[in-house]
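Colleague: Pasting a structure below so you can have a look.
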Amino acid sequence: AQSVTQLGSHVSVSEGALVLLRCNYSSSVPPYLFWYVQYPNQGLQLLLKYTSAATLVKGINGFEAEFKKSETSFHLTKPSAHMSDAAEYFCAVRAGGTSYGKLTFGQGTILTVHP
Amino acid sequence: EPEVTQTPSHQVTQMGQEVILRCVPISNHLYFYWYRQILGQKVEFLVSFYNNEISEKSEIFDDRFSVERPDGSNFTLKIRSTKLEDSAMYFCASSLTTGKDEQYFGPGTRLTVT
């Protein structure tokens with residue numbers, strides 16, 4: 001079984017500051033990991049994904065995440081926050097090798113960006 | 001860019017009634033999913049569908065729930081005998097394959113059971 005823990009349900013940063021959203025996973029088999037973003041009244045949009053290639057993954061809008069197997073983590077970072085980054089962010093895991101691709105989500109982290 | 005669409009955006013129904021939530025997945029995708037998000041809680045998997053049959057379902061997906069792909073383009077979630085606790089945002093998703101491929105999500109249908 002897979003599970004995801006996102007540390008911090010709310011994160012607040014100033015515009016231009018580093019964004020760090022934490023995600024730890026549990027999986028009995030090598031995982032595929034995803035970060036999704038949800039803007040108000042919209043669906044989930046993929047930011048980036050880890051699929052066992054490079055451990056440092058770059059995504060859209062300047063975000064990146066690093067897969068650390070030893071720490072079972074997949075934290076999301078962005079060097080400089082922008083006001084438009086304010087949204088809710090979800091980390092999700094899928095067990096590698098499964099046939100049907102169920103995603104297991106974390107609780108979500110709401111990012112607030114202050115001017 | 002292709003996208004997943006869902007209708008209606010908001011559905012209000014009385015307890016005990018039946019509702020059908022509709023989704024149009026991306027046209028060349030083969031795998032289809034329903035998830036739900038109760039207000040303030042995490043997104044939860046309900047069911048996956050491939051080759052015209054359910055491939056996996058969660059414990060939430062009890063015998064009141066059913067899915068169908070009636071015409072090769074639409075993908076529907078039917079909930080019979082709705083309960084107050086069915087109130088949630090329901091997301092449809094689709095993917096070309098499984099494994100590495102990401103799932104593309106629709107904007108959701110907010111279901112309110114009164």
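Chain labels A, B, ... are given in the sequence in which chains occur in the structure tokens; within each chain residues are numbered consecutively from 1, and ligands are likewise numbered from 1 in the order shown.
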Select all residues from chain B having any atom no more than 12 Å from an atom of chain A (counting only C-alpha atoms, ignoring ligands), output as a PyMOL selection string.
Modeller: chain B and resi 3-6+9-10+30-51+53-58+89-110
Colleague: May I have the selected residues written with C-alpha atoms, as a tab-separated table (two decimals), in the first residue's frame?
Modeller:
```
chain	number	residue	atom	x	y	z
B	3	GLU	CA	-8.69	18.72	-21.64
B	4	VAL	CA	-11.05	16.69	-19.52
B	5	THR	CA	-14.46	18.27	-19.14
B	6	GLN	CA	-17.13	17.61	-16.53
B	9	SER	CA	-20.16	22.07	-12.33
B	10	HIS	CA	-22.53	21.95	-9.37
B	30	LEU	CA	-7.60	4.58	-22.45
B	31	TYR	CA	-7.78	4.71	-18.65
B	32	PHE	CA	-10.43	6.58	-16.73
B	33	TYR	CA	-10.79	7.42	-13.06
B	34	TRP	CA	-13.08	9.02	-10.55
B	35	TYR	CA	-11.82	10.68	-7.37
B	36	ARG	CA	-13.60	12.69	-4.74
B	37	GLN	CA	-12.61	15.37	-2.26
B	38	ILE	CA	-14.77	16.03	0.76
B	39	LEU	CA	-14.39	19.65	1.87
B	40	GLY	CA	-11.20	20.06	3.86
B	41	GLN	CA	-10.01	16.51	3.24
B	42	LYS	CA	-7.64	14.83	0.84
B	43	VAL	CA	-8.44	13.71	-2.69
B	44	GLU	CA	-9.54	10.05	-2.55
B	45	PHE	CA	-9.57	7.43	-5.26
B	46	LEU	CA	-12.94	5.90	-6.10
B	47	VAL	CA	-12.58	3.77	-9.20
B	48	SER	CA	-10.53	3.09	-12.30
B	49	PHE	CA	-11.95	1.87	-15.60
B	50	TYR	CA	-10.27	0.26	-18.57
B	51	ASN	CA	-11.46	-1.68	-21.56
B	53	GLU	CA	-14.76	-2.65	-17.10
B	54	ILE	CA	-13.78	-1.62	-13.60
B	55	SER	CA	-10.13	-2.40	-12.99
B	56	GLU	CA	-9.89	-1.25	-9.39
B	57	LYS	CA	-12.18	0.33	-6.82
B	58	SER	CA	-11.87	1.62	-3.29
B	89	MET	CA	-16.18	17.52	-5.17
B	90	TYR	CA	-15.96	14.70	-7.70
B	91	PHE	CA	-13.06	14.71	-10.15
B	92	CYS	CA	-12.83	12.71	-13.34
B	93	ALA	CA	-9.38	11.92	-14.73
B	94	SER	CA	-7.96	10.11	-17.72
B	95	SER	CA	-4.58	8.87	-18.85
B	96	LEU	CA	-3.15	7.39	-22.01
B	97	THR	CA	-1.55	4.52	-20.16
B	98	THR	CA	-0.76	3.81	-16.53
B	99	GLY	CA	2.53	3.76	-14.70
B	100	LYS	CA	4.59	6.76	-15.68
B	101	ASP	CA	1.86	8.64	-17.46
B	102	GLU	CA	0.18	11.41	-15.57
B	103	GLN	CA	-3.54	11.60	-15.10
B	104	TYR	CA	-5.32	14.62	-16.52
B	105	PHE	CA	-8.04	15.94	-14.25
B	106	GLY	CA	-11.27	17.70	-15.03
B	107	PRO	CA	-12.46	20.79	-13.13
B	108	GLY	CA	-14.76	18.75	-10.90
B	109	THR	CA	-18.44	18.57	-10.07
B	110	ARG	CA	-19.50	19.79	-6.67
```
Colleague: Would you mind writing down, as a PDB file with N, CA and C atoms, in the first residue's frame, each residue of chain B that DSSP on the backbone assigns to strand (DSSP E)?
Modeller:
```
ATOM      1  N   THR B   5     -13.354  17.399 -19.526  1.00  0.00           N
ATOM      2  CA  THR B   5     -14.463  18.271 -19.138  1.00  0.00           C
ATOM      3  C   THR B   5     -15.454  17.493 -18.286  1.00  0.00           C
ATOM      4  N   GLN B   6     -16.140  18.229 -17.402  1.00  0.00           N
ATOM      5  CA  GLN B   6     -17.128  17.611 -16.526  1.00  0.00           C
ATOM      6  C   GLN B   6     -18.372  18.473 -16.468  1.00  0.00           C
ATOM      7  N   THR B   7     -19.520  17.801 -16.417  1.00  0.00           N
ATOM      8  CA  THR B   7     -20.794  18.497 -16.237  1.00  0.00           C
ATOM      9  C   THR B   7     -21.674  17.718 -15.279  1.00  0.00           C
ATOM     10  N   HIS B  10     -21.960  22.057 -10.701  1.00  0.00           N
ATOM     11  CA  HIS B  10     -22.534  21.946  -9.366  1.00  0.00           C
ATOM     12  C   HIS B  10     -23.880  21.236  -9.476  1.00  0.00           C
ATOM     13  N   GLN B  11     -24.070  20.255  -8.609  1.00  0.00           N
ATOM     14  CA  GLN B  11     -25.295  19.466  -8.600  1.00  0.00           C
ATOM     15  C   GLN B  11     -25.827  19.413  -7.173  1.00  0.00           C
ATOM     16  N   VAL B  12     -27.077  19.812  -7.028  1.00  0.00           N
ATOM     17  CA  VAL B  12     -27.730  19.720  -5.721  1.00  0.00           C
ATOM     18  C   VAL B  12     -28.823  18.680  -5.824  1.00  0.00           C
ATOM     19  N   THR B  13     -28.872  17.773  -4.865  1.00  0.00           N
ATOM     20  CA  THR B  13     -29.884  16.731  -4.889  1.00  0.00           C
ATOM     21  C   THR B  13     -30.367  16.444  -3.479  1.00  0.00           C
ATOM     22  N   VAL B  19     -28.077  10.503  -8.773  1.00  0.00           N
ATOM     23  CA  VAL B  19     -27.407  11.527  -9.568  1.00  0.00           C
ATOM     24  C   VAL B  19     -26.471  10.860 -10.563  1.00  0.00           C
ATOM     25  N   ILE B  20     -26.277  11.536 -11.671  1.00  0.00           N
ATOM     26  CA  ILE B  20     -25.305  11.089 -12.670  1.00  0.00           C
ATOM     27  C   ILE B  20     -24.352  12.245 -12.933  1.00  0.00           C
ATOM     28  N   LEU B  21     -23.087  11.991 -12.727  1.00  0.00           N
ATOM     29  CA  LEU B  21     -22.051  12.968 -13.008  1.00  0.00           C
ATOM     30  C   LEU B  21     -21.367  12.566 -14.313  1.00  0.00           C
ATOM     31  N   ARG B  22     -21.171  13.547 -15.165  1.00  0.00           N
ATOM     32  CA  ARG B  22     -20.689  13.242 -16.514  1.00  0.00           C
ATOM     33  C   ARG B  22     -19.292  13.809 -16.756  1.00  0.00           C
ATOM     34  N   CYS B  23     -18.549  13.092 -17.551  1.00  0.00           N
ATOM     35  CA  CYS B  23     -17.173  13.449 -17.860  1.00  0.00           C
ATOM     36  C   CYS B  23     -16.904  13.114 -19.321  1.00  0.00           C
ATOM     37  N   VAL B  24     -16.144  13.972 -19.967  1.00  0.00           N
ATOM     38  CA  VAL B  24     -15.617  13.649 -21.295  1.00  0.00           C
ATOM     39  C   VAL B  24     -14.106  13.614 -21.182  1.00  0.00           C
ATOM     40  N   TYR B  31      -7.517   5.011 -20.051  1.00  0.00           N
ATOM     41  CA  TYR B  31      -7.777   4.712 -18.652  1.00  0.00           C
ATOM     42  C   TYR B  31      -8.549   5.873 -18.056  1.00  0.00           C
ATOM     43  N   PHE B  32      -9.536   5.556 -17.253  1.00  0.00           N
ATOM     44  CA  PHE B  32     -10.426   6.580 -16.728  1.00  0.00           C
ATOM     45  C   PHE B  32     -10.614   6.370 -15.228  1.00  0.00           C
ATOM     46  N   TYR B  33     -10.764   7.477 -14.527  1.00  0.00           N
ATOM     47  CA  TYR B  33     -10.786   7.423 -13.061  1.00  0.00           C
ATOM     48  C   TYR B  33     -11.823   8.404 -12.516  1.00  0.00           C
ATOM     49  N   TRP B  34     -12.330   8.079 -11.358  1.00  0.00           N
ATOM     50  CA  TRP B  34     -13.085   9.024 -10.546  1.00  0.00           C
ATOM     51  C   TRP B  34     -12.414   9.124  -9.182  1.00  0.00           C
ATOM     52  N   TYR B  35     -12.313  10.368  -8.707  1.00  0.00           N
ATOM     53  CA  TYR B  35     -11.820  10.680  -7.370  1.00  0.00           C
ATOM     54  C   TYR B  35     -12.843  11.614  -6.722  1.00  0.00           C
ATOM     55  N   ARG B  36     -12.774  11.700  -5.405  1.00  0.00           N
ATOM     56  CA  ARG B  36     -13.604  12.694  -4.741  1.00  0.00           C
ATOM     57  C   ARG B  36     -12.802  13.400  -3.650  1.00  0.00           C
ATOM     58  N   GLN B  37     -13.259  14.589  -3.308  1.00  0.00           N
ATOM     59  CA  GLN B  37     -12.613  15.367  -2.256  1.00  0.00           C
ATOM     60  C   GLN B  37     -13.703  15.973  -1.396  1.00  0.00           C
ATOM     61  N   VAL B  43      -7.840  14.315  -1.502  1.00  0.00           N
ATOM     62  CA  VAL B  43      -8.443  13.710  -2.686  1.00  0.00           C
ATOM     63  C   VAL B  43      -8.349  12.189  -2.543  1.00  0.00           C
ATOM     64  N   GLU B  44      -9.492  11.511  -2.750  1.00  0.00           N
ATOM     65  CA  GLU B  44      -9.543  10.054  -2.549  1.00  0.00           C
ATOM     66  C   GLU B  44      -9.932   9.346  -3.843  1.00  0.00           C
ATOM     67  N   PHE B  45      -9.274   8.252  -4.105  1.00  0.00           N
ATOM     68  CA  PHE B  45      -9.574   7.430  -5.262  1.00  0.00           C
ATOM     69  C   PHE B  45     -10.901   6.700  -5.071  1.00  0.00           C
ATOM     70  N   LEU B  46     -11.698   6.677  -6.128  1.00  0.00           N
ATOM     71  CA  LEU B  46     -12.939   5.900  -6.100  1.00  0.00           C
ATOM     72  C   LEU B  46     -12.834   4.662  -6.978  1.00  0.00           C
ATOM     73  N   VAL B  47     -12.498   4.881  -8.259  1.00  0.00           N
ATOM     74  CA  VAL B  47     -12.583   3.768  -9.200  1.00  0.00           C
ATOM     75  C   VAL B  47     -11.723   4.044 -10.418  1.00  0.00           C
ATOM     76  N   SER B  48     -11.192   2.993 -11.008  1.00  0.00           N
ATOM     77  CA  SER B  48     -10.532   3.094 -12.301  1.00  0.00           C
ATOM     78  C   SER B  48     -11.233   2.175 -13.292  1.00  0.00           C
ATOM     79  N   PHE B  49     -11.140   2.518 -14.558  1.00  0.00           N
ATOM     80  CA  PHE B  49     -11.952   1.865 -15.604  1.00  0.00           C
ATOM     81  C   PHE B  49     -11.102   1.744 -16.837  1.00  0.00           C
ATOM     82  N   TYR B  50     -11.063   0.517 -17.374  1.00  0.00           N
ATOM     83  CA  TYR B  50     -10.266   0.261 -18.571  1.00  0.00           C
ATOM     84  C   TYR B  50     -10.912  -0.835 -19.379  1.00  0.00           C
ATOM     85  N   GLU B  53     -14.442  -2.026 -18.371  1.00  0.00           N
ATOM     86  CA  GLU B  53     -14.761  -2.647 -17.103  1.00  0.00           C
ATOM     87  C   GLU B  53     -13.964  -1.999 -15.977  1.00  0.00           C
ATOM     88  N   ILE B  54     -14.464  -2.151 -14.772  1.00  0.00           N
ATOM     89  CA  ILE B  54     -13.776  -1.624 -13.604  1.00  0.00           C
ATOM     90  C   ILE B  54     -12.515  -2.431 -13.375  1.00  0.00           C
ATOM     91  N   SER B  55     -11.386  -1.712 -13.234  1.00  0.00           N
ATOM     92  CA  SER B  55     -10.131  -2.398 -12.992  1.00  0.00           C
ATOM     93  C   SER B  55      -9.729  -2.348 -11.517  1.00  0.00           C
ATOM     94  N   GLU B  56     -10.169  -1.337 -10.820  1.00  0.00           N
ATOM     95  CA  GLU B  56      -9.887  -1.245  -9.390  1.00  0.00           C
ATOM     96  C   GLU B  56     -10.914  -0.305  -8.758  1.00  0.00           C
ATOM     97  N   LYS B  57     -11.289  -0.572  -7.535  1.00  0.00           N
ATOM     98  CA  LYS B  57     -12.182   0.329  -6.823  1.00  0.00           C
ATOM     99  C   LYS B  57     -11.809   0.367  -5.356  1.00  0.00           C
ATOM    100  N   PHE B  65     -22.734   2.960  -6.093  1.00  0.00           N
ATOM    101  CA  PHE B  65     -21.969   3.634  -7.128  1.00  0.00           C
ATOM    102  C   PHE B  65     -21.841   2.734  -8.358  1.00  0.00           C
ATOM    103  N   SER B  66     -21.851   3.353  -9.522  1.00  0.00           N
ATOM    104  CA  SER B  66     -21.573   2.613 -10.749  1.00  0.00           C
ATOM    105  C   SER B  66     -20.958   3.565 -11.760  1.00  0.00           C
ATOM    106  N   VAL B  67     -20.215   3.011 -12.690  1.00  0.00           N
ATOM    107  CA  VAL B  67     -19.609   3.803 -13.756  1.00  0.00           C
ATOM    108  C   VAL B  67     -19.942   3.154 -15.084  1.00  0.00           C
ATOM    109  N   GLU B  68     -19.900   4.006 -16.098  1.00  0.00           N
ATOM    110  CA  GLU B  68     -20.269   3.536 -17.426  1.00  0.00           C
ATOM    111  C   GLU B  68     -19.601   4.417 -18.461  1.00  0.00           C
ATOM    112  N   PHE B  75     -17.964   9.400 -19.929  1.00  0.00           N
ATOM    113  CA  PHE B  75     -17.661   8.488 -18.825  1.00  0.00           C
ATOM    114  C   PHE B  75     -18.470   9.002 -17.650  1.00  0.00           C
ATOM    115  N   THR B  76     -19.375   8.179 -17.144  1.00  0.00           N
ATOM    116  CA  THR B  76     -20.306   8.670 -16.136  1.00  0.00           C
ATOM    117  C   THR B  76     -20.134   7.950 -14.804  1.00  0.00           C
ATOM    118  N   LEU B  77     -20.448   8.683 -13.747  1.00  0.00           N
ATOM    119  CA  LEU B  77     -20.504   8.136 -12.395  1.00  0.00           C
ATOM    120  C   LEU B  77     -21.938   8.299 -11.915  1.00  0.00           C
ATOM    121  N   LYS B  78     -22.573   7.200 -11.565  1.00  0.00           N
ATOM    122  CA  LYS B  78     -23.933   7.233 -11.049  1.00  0.00           C
ATOM    123  C   LYS B  78     -23.903   6.883  -9.566  1.00  0.00           C
ATOM    124  N   ILE B  79     -24.604   7.679  -8.788  1.00  0.00           N
ATOM    125  CA  ILE B  79     -24.748   7.391  -7.360  1.00  0.00           C
ATOM    126  C   ILE B  79     -26.237   7.242  -7.079  1.00  0.00           C
ATOM    127  N   ALA B  88     -19.483  16.196  -1.852  1.00  0.00           N
ATOM    128  CA  ALA B  88     -18.039  16.297  -2.105  1.00  0.00           C
ATOM    129  C   ALA B  88     -17.836  16.883  -3.493  1.00  0.00           C
ATOM    130  N   MET B  89     -16.568  17.192  -3.795  1.00  0.00           N
ATOM    131  CA  MET B  89     -16.178  17.520  -5.165  1.00  0.00           C
ATOM    132  C   MET B  89     -15.747  16.216  -5.821  1.00  0.00           C
ATOM    133  N   TYR B  90     -16.294  15.923  -6.977  1.00  0.00           N
ATOM    134  CA  TYR B  90     -15.962  14.703  -7.701  1.00  0.00           C
ATOM    135  C   TYR B  90     -15.141  15.063  -8.935  1.00  0.00           C
ATOM    136  N   PHE B  91     -13.967  14.455  -9.025  1.00  0.00           N
ATOM    137  CA  PHE B  91     -13.065  14.711 -10.146  1.00  0.00           C
ATOM    138  C   PHE B  91     -12.994  13.491 -11.049  1.00  0.00           C
ATOM    139  N   CYS B  92     -13.086  13.734 -12.319  1.00  0.00           N
ATOM    140  CA  CYS B  92     -12.826  12.713 -13.336  1.00  0.00           C
ATOM    141  C   CYS B  92     -11.394  12.913 -13.838  1.00  0.00           C
ATOM    142  N   ALA B  93     -10.728  11.831 -14.179  1.00  0.00           N
ATOM    143  CA  ALA B  93      -9.380  11.918 -14.728  1.00  0.00           C
ATOM    144  C   ALA B  93      -9.216  10.863 -15.808  1.00  0.00           C
ATOM    145  N   SER B  94      -8.259  11.105 -16.694  1.00  0.00           N
ATOM    146  CA  SER B  94      -7.961  10.107 -17.716  1.00  0.00           C
ATOM    147  C   SER B  94      -6.462  10.103 -17.976  1.00  0.00           C
ATOM    148  N   SER B  95      -5.982   8.971 -18.469  1.00  0.00           N
ATOM    149  CA  SER B  95      -4.578   8.867 -18.845  1.00  0.00           C
ATOM    150  C   SER B  95      -4.455   7.966 -20.060  1.00  0.00           C
ATOM    151  N   TYR B 104      -4.810  13.286 -16.240  1.00  0.00           N
ATOM    152  CA  TYR B 104      -5.320  14.620 -16.517  1.00  0.00           C
ATOM    153  C   TYR B 104      -6.686  14.737 -15.858  1.00  0.00           C
ATOM    154  N   PHE B 105      -6.824  15.778 -15.055  1.00  0.00           N
ATOM    155  CA  PHE B 105      -8.036  15.936 -14.254  1.00  0.00           C
ATOM    156  C   PHE B 105      -8.986  16.972 -14.858  1.00  0.00           C
ATOM    157  N   THR B 109     -17.031  18.290 -10.302  1.00  0.00           N
ATOM    158  CA  THR B 109     -18.445  18.567 -10.070  1.00  0.00           C
ATOM    159  C   THR B 109     -18.650  18.595  -8.567  1.00  0.00           C
ATOM    160  N   ARG B 110     -19.198  19.717  -8.098  1.00  0.00           N
ATOM    161  CA  ARG B 110     -19.496  19.790  -6.666  1.00  0.00           C
ATOM    162  C   ARG B 110     -20.879  19.229  -6.433  1.00  0.00           C
ATOM    163  N   LEU B 111     -20.956  18.141  -5.700  1.00  0.00           N
ATOM    164  CA  LEU B 111     -22.232  17.499  -5.376  1.00  0.00           C
ATOM    165  C   LEU B 111     -22.626  17.879  -3.964  1.00  0.00           C
ATOM    166  N   THR B 112     -23.823  18.411  -3.833  1.00  0.00           N
ATOM    167  CA  THR B 112     -24.360  18.751  -2.521  1.00  0.00           C
ATOM    168  C   THR B 112     -25.630  17.935  -2.315  1.00  0.00           C
ATOM    169  N   VAL B 113     -25.643  17.140  -1.266  1.00  0.00           N
ATOM    170  CA  VAL B 113     -26.806  16.327  -0.934  1.00  0.00           C
ATOM    171  C   VAL B 113     -27.481  16.953   0.287  1.00  0.00           C
TER     172      VAL B 113
END
```
Colleague: Quick one: pull the distance between CA of Asp85 in chain A and CA of Glu66 in chain A, Å, one decimal.
Modeller: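 Result for CA of Asp85 in chain A versus CA of Glu66 in chain A: 19.1 Å, one decimal.
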Colleague: In Å, rounded to a single decimal, give me how far CA of Ser73 in chain A is from CA of Val13 in chain A.
Modeller: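 Going from CA of Val13 in chain A over to CA of Ser73 in chain A, I get 21.4 Å.
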Colleague: Would you work out the distance separating CA of Gly59 in chain A from CA of Ser27 in chain B, expressed in Å to one decimal?
Modeller: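 Straight-line distance from CA of Gly59 in chain A to CA of Ser27 in chain B works out to 24.6 Å.
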Colleague: Write out as number ranges by chain the residues lying within 8 Å of range 5-7 of chain A, counting only C-alpha atoms and excluding same-chain residues fewer than 4 positions away.
Modeller: A: 21-25, 91, 106-109
